[in-house]
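Structure, as structure tokens:
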Amino acid sequence: MTSIELLYNPYTRGKILFVDGGEVQKDECEKLCGAEGTELSEWAEHFLNACIEHFNDSISVSFSGIRRDYEFLEDAVKKSKYSSDISLSEKKIVDAENRLQELKNLFAEMQENTPFDSLKSAEVKRLFEKATDSEFEMAVVATMSSGKSTLINSILGRELLPARNEATTANIARIHDIDDADHFRAESFDKDGNKIGEADPLTAEDMERLNNIDGENPASVVEIYGDIPGIESKNIRLVLSDTPGPNNSRTAEHEKHTMDLLNADYKPMIIYVLNGTQLETNDDNILLSNVARLVKSGDRQSRDRFLFVLNKADEFDPDKNETVARKIDDVKRYLFDKHGIENPHIFPTSAYLAKRIRQLHNNDPMLTAKDRRSLSGDIGYFVDEERMHFSDYADFLSPATLNELNSRIERAKSENDEDELALLYSGVPSIELAISEYLSKYALPAKITEGVYSFKDKIEALNIEANAKNELAGNEQKVQALQKSLEMIKAALSKGDKAKEVKDQIQSLSVSDSLNKELVKSGSRLLSNFGKNVQSMKKSVHTETARAYLNNIKMMIPKITADFNSSVEKSLDGVLKAQAAQCVESYKRYVEALIGSVSYDIPAAAILGDKATITVSETLDEYSYEEDVKVGSHMEKNYDKHWWNPFTWFDPSEYEVDDYEKQEFVDFSKYIDNELYPEIEKFEKETRTTATSWAEAEEKKFKQFFLNKLSELDEAIKQKIAEQEAALKDKAKTEEMIAENKRNLSWLEDFKSKLDGILSI
């Protein structure tokens, strides 16, 4: 068996490989692992298969890195065609607990003390802040009457969100976690982003007012700010997004908000709340079919990001054989049979109990006298009845998180703290721990990596330049070689061939082909989604049934169009970013070691959906027809029976006659084919045209951006050459430049050492 040791640093994406105790050279490492700068999740399976094939032997792999990447390797072992020949073990697993804040502190120190003006620029600061301070949003969606508002209130520890029927909640509440805030405040905005209300401090009565969806200028979004105490989100701006439920006729913008979160590259969590007492009504085909698609196509993170909350588990009736275990099996079967979702994380809960316990401890004035009276008995019931210990069903949490949950339970028992024990048994803290684990495991390392890469290239470029200058000290030959290089660069700039070559490369780039491929995929999914949802309606039905079908379609259309628009917007963003990356590479090749990285921001494609809509025709007359339908029967006397006719003697005196009446039917199949499919296809075509037109205009803008940057670069290079030539012509200035460079190099080495310390594995 070949012994392999892999050390992977997710923050720098660097890797070191040892085989039988000897370090593998960089080129060989790149062949066995992924290309430089790629994440382990992208090459884990390839790495294992390549090692088996390269060494023609079974392998024992020990890993050093973070927990998330070790789990990616575990999944890769299961998927590998050589899984039986692979042994995997941990060598050193570290966490990212305080590293993001340490990185922010180091960046602030760099901004204050660096001798390099380019590292103090507003652009560098903006890129770093954008990478490390961006919000991490997670959506809470639910079926009708699932207790979603109660669940969120239980997490907040007070009654803030209106606990009314979800079907009447047609706006979004976004709750921003502000650590250590002593109260909540809120602002409401209309669909155009105009502020229309505020409350500070925020009460439940204020939320009713801010949550207003009626009137001439209804609220679209309510932004809430306060501490979410049960979720550990160090250095991450967590936003809990309460979105309208799937059974409500919300706006396209609200539908799209959920779809955008579902499709976002940073893989935010989706918490799907089901009514445990009414599983047969739990359905949102569009959302859950997308969940299934993402779970099947992704890695472990794609599964971990979806939490299914089986609320009202305390209402199950054991006399009717409604046990928690049986209900969980029912949910698993429902999610798999109907939507193809495998191995879902299901949390049975009593959000109502958890909310009241926390309200009591927070002295929430919204806790009613009736709730106070019933709470004591409910707490005792949850503590004494083992079947109410919903925390027992969170065994899919990681060992470390499960250990934390069990430790809290044991501590509450030892301290005879029945309130805390019942709270833990309610299942809500299990959800909070799962969210905290996800943030720690996936969100935090990603933000550290993004923060480092926002300035890493500049540091490396400056280091290359400083080391080159350092070699000039006491070396006349190097000075002359540098002078010659500067002359060559000047000549190249004057001639302009290189610049023209790069400009031609940038001008030749086009989004058309790749964008069209992505839009065709999105369009196919739109038609497929529509087809799946109307398949059962393709038949002739009574007029009243047709009306019911029509209502279902009117509710379904915003969902599939929101999914389509979100998919198109993501395609636009991806294609334009890919093209911008090509421009950056051309630019960097031209600049090579003279300046750091260049970034170009792709603006959000927010225009989609404005220029194309789907109209649902309500005219069914054209597809209606009448038909004789049997509605009953009656008895009639047999007048053909006569005494004089022996052949009729044995006929009955009476016989049954069927009663028919004209009833109206609708050929709904023709209605779908002739009315709805053309509208869907028209919408898809018009949206594709709008998206392509927008992308082409955007393409012109960023091409011009890079062409302008090239012109600016020529001037910057000329100025840099002039400065260096002046310094090299005067020996005293040369020595001064070298002395200054030594100080700069010393600062760089010290900074890199501190950075390596923060990012070490």
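Naming works like this for the structure tokens: A, B, ... for the chains as they're shown, residue 1 at the start of each chain, ligands 1 onward in shown order.
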Practice item. Write out as number ranges by chain which residues come within 8 Å of A:Pro201 when counting only C-alpha atoms, dropping same-chain ones fewer than 4 positions away. Key: A: 183-186
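Near stretch 82-90 of chain A, within a cut-off of 7 Å and counting only C-alpha atoms, sit the residues A:Asn49, A:Ser58, A:Ile59, A:Ser60, A:Val61, A:Ser62, A:Phe63, A:Ser64, with same-chain residues fewer than 6 positions away left out.
One distance worth recording is that between atom CA of A:Glu450 and atom CA of A:Phe128, which is 8.0 Å.
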Point to revise | Contacts of A:Asp206 within 10 Å, only C-alpha atoms, excl. fewer than 4 positions in-chain, as a PyMOL selection string | key: chain A and resi 160-162+185-186+197-202+210-211
What parts of stretch 365-544 of chain A does DSSP call helix (DSSP H, G or I)? I'd like the answer as an mmCIF file with C-alpha atoms, in the first residue's frame.
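Final file, result_9.cif:
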data_model
loop_
_atom_site.group_PDB
_atom_site.id
_atom_site.type_symbol
_atom_site.label_atom_id
_atom_site.label_comp_id
_atom_site.auth_asym_id
_atom_site.auth_seq_id
_atom_site.Cartn_x
_atom_site.Cartn_y
_atom_site.Cartn_z
ATOM 1 C CA ALA A 369 -51.090 35.112 30.602
ATOM 2 C CA LYS A 370 -52.638 32.016 29.019
ATOM 3 C CA ASP A 371 -49.277 31.039 27.495
ATOM 4 C CA ARG A 372 -47.549 31.552 30.837
ATOM 5 C CA ARG A 373 -50.047 29.286 32.588
ATOM 6 C CA SER A 374 -49.741 26.480 30.049
ATOM 7 C CA LEU A 375 -45.965 26.729 29.743
ATOM 8 C CA SER A 376 -45.086 25.123 33.077
ATOM 9 C CA GLY A 377 -47.075 21.986 32.296
ATOM 10 C CA ASP A 378 -45.709 21.784 28.747
ATOM 11 C CA ILE A 379 -42.122 22.051 29.989
ATOM 12 C CA GLY A 380 -42.662 19.194 32.441
ATOM 13 C CA TYR A 381 -44.349 17.131 29.723
ATOM 14 C CA PHE A 382 -41.408 17.570 27.317
ATOM 15 C CA VAL A 383 -38.866 16.722 30.015
ATOM 16 C CA ASP A 384 -40.695 13.612 31.247
ATOM 17 C CA GLU A 386 -39.072 10.568 26.008
ATOM 18 C CA ARG A 387 -41.048 10.670 22.768
ATOM 19 C CA MET A 388 -40.939 14.494 22.978
ATOM 20 C CA PHE A 390 -36.872 15.771 19.352
ATOM 21 C CA SER A 391 -33.148 16.467 19.736
ATOM 22 C CA ASP A 392 -32.617 12.680 19.568
ATOM 23 C CA TYR A 393 -33.381 12.820 15.832
ATOM 24 C CA PRO A 399 -19.749 14.537 15.700
ATOM 25 C CA ALA A 400 -18.447 17.848 17.088
ATOM 26 C CA THR A 401 -21.830 19.584 16.787
ATOM 27 C CA LEU A 402 -23.716 16.566 18.114
ATOM 28 C CA ASN A 403 -21.330 16.457 21.056
ATOM 29 C CA GLU A 404 -22.067 20.130 21.766
ATOM 30 C CA LEU A 405 -25.817 19.448 21.701
ATOM 31 C CA ASN A 406 -25.496 16.443 24.040
ATOM 32 C CA SER A 407 -23.191 18.380 26.390
ATOM 33 C CA ARG A 408 -25.799 21.122 26.696
ATOM 34 C CA ILE A 409 -28.448 18.528 27.486
ATOM 35 C CA GLU A 410 -26.274 16.882 30.165
ATOM 36 C CA ARG A 411 -25.419 20.268 31.677
ATOM 37 C CA ALA A 412 -29.116 21.220 31.873
ATOM 38 C CA LYS A 413 -29.860 17.887 33.552
ATOM 39 C CA SER A 414 -27.075 18.296 36.122
ATOM 40 C CA GLU A 418 -35.950 22.154 33.117
ATOM 41 C CA ASP A 419 -36.560 25.260 30.991
ATOM 42 C CA GLU A 420 -33.260 24.778 29.143
ATOM 43 C CA LEU A 421 -33.783 21.027 28.906
ATOM 44 C CA ALA A 422 -37.249 21.390 27.381
ATOM 45 C CA LEU A 423 -35.900 24.038 24.993
ATOM 46 C CA LEU A 424 -33.186 21.638 23.798
ATOM 47 C CA TYR A 425 -35.740 18.827 23.445
ATOM 48 C CA VAL A 428 -35.120 24.378 17.656
ATOM 49 C CA PRO A 429 -31.565 24.557 19.120
ATOM 50 C CA SER A 430 -30.659 21.591 16.860
ATOM 51 C CA ILE A 431 -31.598 23.713 13.836
ATOM 52 C CA GLU A 432 -29.575 26.649 15.168
ATOM 53 C CA LEU A 433 -26.527 24.419 15.679
ATOM 54 C CA ALA A 434 -26.884 23.081 12.115
ATOM 55 C CA ILE A 435 -26.955 26.660 10.780
ATOM 56 C CA SER A 436 -23.921 27.636 12.877
ATOM 57 C CA GLU A 437 -22.098 24.528 11.659
ATOM 58 C CA TYR A 438 -22.837 25.394 8.028
ATOM 59 C CA LEU A 439 -21.555 28.951 8.492
ATOM 60 C CA SER A 440 -18.398 27.718 10.181
ATOM 61 C CA LYS A 441 -17.797 24.874 7.750
ATOM 62 C CA TYR A 442 -18.593 26.560 4.431
ATOM 63 C CA ALA A 443 -19.293 30.303 4.645
ATOM 64 C CA LEU A 444 -16.378 31.366 6.860
ATOM 65 C CA PRO A 445 -13.564 29.635 4.891
ATOM 66 C CA ALA A 446 -15.030 30.970 1.644
ATOM 67 C CA LYS A 447 -14.977 34.555 2.925
ATOM 68 C CA ILE A 448 -11.395 34.196 4.182
ATOM 69 C CA THR A 449 -10.343 32.887 0.760
ATOM 70 C CA GLU A 450 -12.148 35.687 -1.079
ATOM 71 C CA GLY A 451 -10.588 38.263 1.249
ATOM 72 C CA VAL A 452 -7.058 36.936 0.669
ATOM 73 C CA TYR A 453 -7.459 36.776 -3.107
ATOM 74 C CA LYS A 456 -2.902 38.492 -2.940
ATOM 75 C CA ASP A 457 -1.864 39.155 -6.571
ATOM 76 C CA LYS A 458 -0.792 42.696 -5.749
ATOM 77 C CA ILE A 459 1.364 41.498 -2.848
ATOM 78 C CA GLU A 460 2.995 38.844 -5.051
ATOM 79 C CA ALA A 461 3.648 41.331 -7.881
ATOM 80 C CA LEU A 462 5.207 43.855 -5.489
ATOM 81 C CA ASN A 463 7.318 41.084 -3.965
ATOM 82 C CA ILE A 464 8.652 40.067 -7.389
ATOM 83 C CA GLU A 465 9.535 43.677 -8.180
ATOM 84 C CA ALA A 466 11.174 44.257 -4.762
ATOM 85 C CA ASN A 467 13.294 41.103 -5.042
ATOM 86 C CA ALA A 468 14.424 42.105 -8.535
ATOM 87 C CA LYS A 469 15.468 45.540 -7.284
ATOM 88 C CA ASN A 470 17.227 43.985 -4.302
ATOM 89 C CA GLU A 476 26.673 46.834 -11.891
ATOM 90 C CA GLN A 477 25.916 44.099 -14.378
ATOM 91 C CA LYS A 478 22.338 43.800 -13.064
ATOM 92 C CA VAL A 479 21.940 47.589 -13.203
ATOM 93 C CA GLN A 480 22.991 47.606 -16.844
ATOM 94 C CA ALA A 481 20.681 44.682 -17.623
ATOM 95 C CA LEU A 482 17.778 46.563 -16.040
ATOM 96 C CA GLN A 483 18.592 49.693 -18.046
ATOM 97 C CA LYS A 484 18.583 47.597 -21.209
ATOM 98 C CA SER A 485 15.216 46.036 -20.244
ATOM 99 C CA LEU A 486 13.735 49.483 -19.693
ATOM 100 C CA GLU A 487 14.900 50.549 -23.151
ATOM 101 C CA MET A 488 13.283 47.471 -24.677
ATOM 102 C CA ILE A 489 9.997 48.164 -22.884
ATOM 103 C CA LYS A 490 10.058 51.768 -24.124
ATOM 104 C CA ALA A 491 10.662 50.567 -27.664
ATOM 105 C CA ALA A 492 7.785 48.079 -27.418
ATOM 106 C CA LEU A 493 5.493 50.809 -26.103
ATOM 107 C CA SER A 494 6.480 53.156 -28.916
ATOM 108 C CA LYS A 495 5.910 50.490 -31.549
ATOM 109 C CA ASP A 497 2.472 45.977 -31.459
ATOM 110 C CA LYS A 498 1.904 44.294 -28.106
ATOM 111 C CA ALA A 499 -0.828 46.727 -27.122
ATOM 112 C CA LYS A 500 -2.533 46.264 -30.504
ATOM 113 C CA GLU A 501 -2.367 42.470 -30.108
ATOM 114 C CA VAL A 502 -4.063 42.632 -26.699
ATOM 115 C CA LYS A 503 -6.650 45.132 -27.952
ATOM 116 C CA ASP A 504 -7.469 42.839 -30.878
ATOM 117 C CA GLN A 505 -7.853 39.879 -28.489
ATOM 118 C CA ILE A 506 -10.277 41.851 -26.330
ATOM 119 C CA GLN A 507 -12.275 43.107 -29.325
ATOM 120 C CA SER A 508 -12.577 39.587 -30.755
ATOM 121 C CA SER A 512 -23.138 35.342 -28.165
ATOM 122 C CA ASP A 513 -22.354 31.624 -28.557
ATOM 123 C CA SER A 514 -21.792 30.717 -24.920
ATOM 124 C CA LEU A 515 -24.711 32.854 -23.744
ATOM 125 C CA ASN A 516 -27.061 31.324 -26.305
ATOM 126 C CA LYS A 517 -26.158 27.819 -25.100
ATOM 127 C CA GLU A 518 -26.925 28.767 -21.506
ATOM 128 C CA LEU A 519 -30.206 30.450 -22.469
ATOM 129 C CA VAL A 520 -31.299 27.392 -24.461
ATOM 130 C CA LYS A 521 -30.715 25.260 -21.332
ATOM 131 C CA SER A 522 -32.781 27.674 -19.226
ATOM 132 C CA GLY A 523 -35.549 27.743 -21.829
ATOM 133 C CA SER A 524 -35.677 23.956 -21.978
ATOM 134 C CA ARG A 525 -36.023 23.806 -18.204
ATOM 135 C CA LEU A 526 -38.831 26.387 -18.304
ATOM 136 C CA LEU A 527 -40.824 24.330 -20.811
ATOM 137 C CA SER A 528 -40.063 21.120 -18.920
ATOM 138 C CA ASN A 529 -41.243 22.647 -15.631
ATOM 139 C CA PHE A 530 -44.423 23.870 -17.267
ATOM 140 C CA GLY A 531 -45.033 20.507 -18.934
ATOM 141 C CA LYS A 532 -44.591 18.553 -15.695
ATOM 142 C CA ASN A 533 -46.988 20.819 -13.810
ATOM 143 C CA VAL A 534 -49.791 20.695 -16.389
ATOM 144 C CA GLN A 535 -49.412 17.039 -17.418
ATOM 145 C CA SER A 536 -52.205 15.871 -15.110
ATOM 146 C CA MET A 537 -54.506 18.615 -16.466
ATOM 147 C CA THR A 543 -66.202 23.564 -16.460
ATOM 148 C CA GLU A 544 -65.825 23.998 -12.695
#
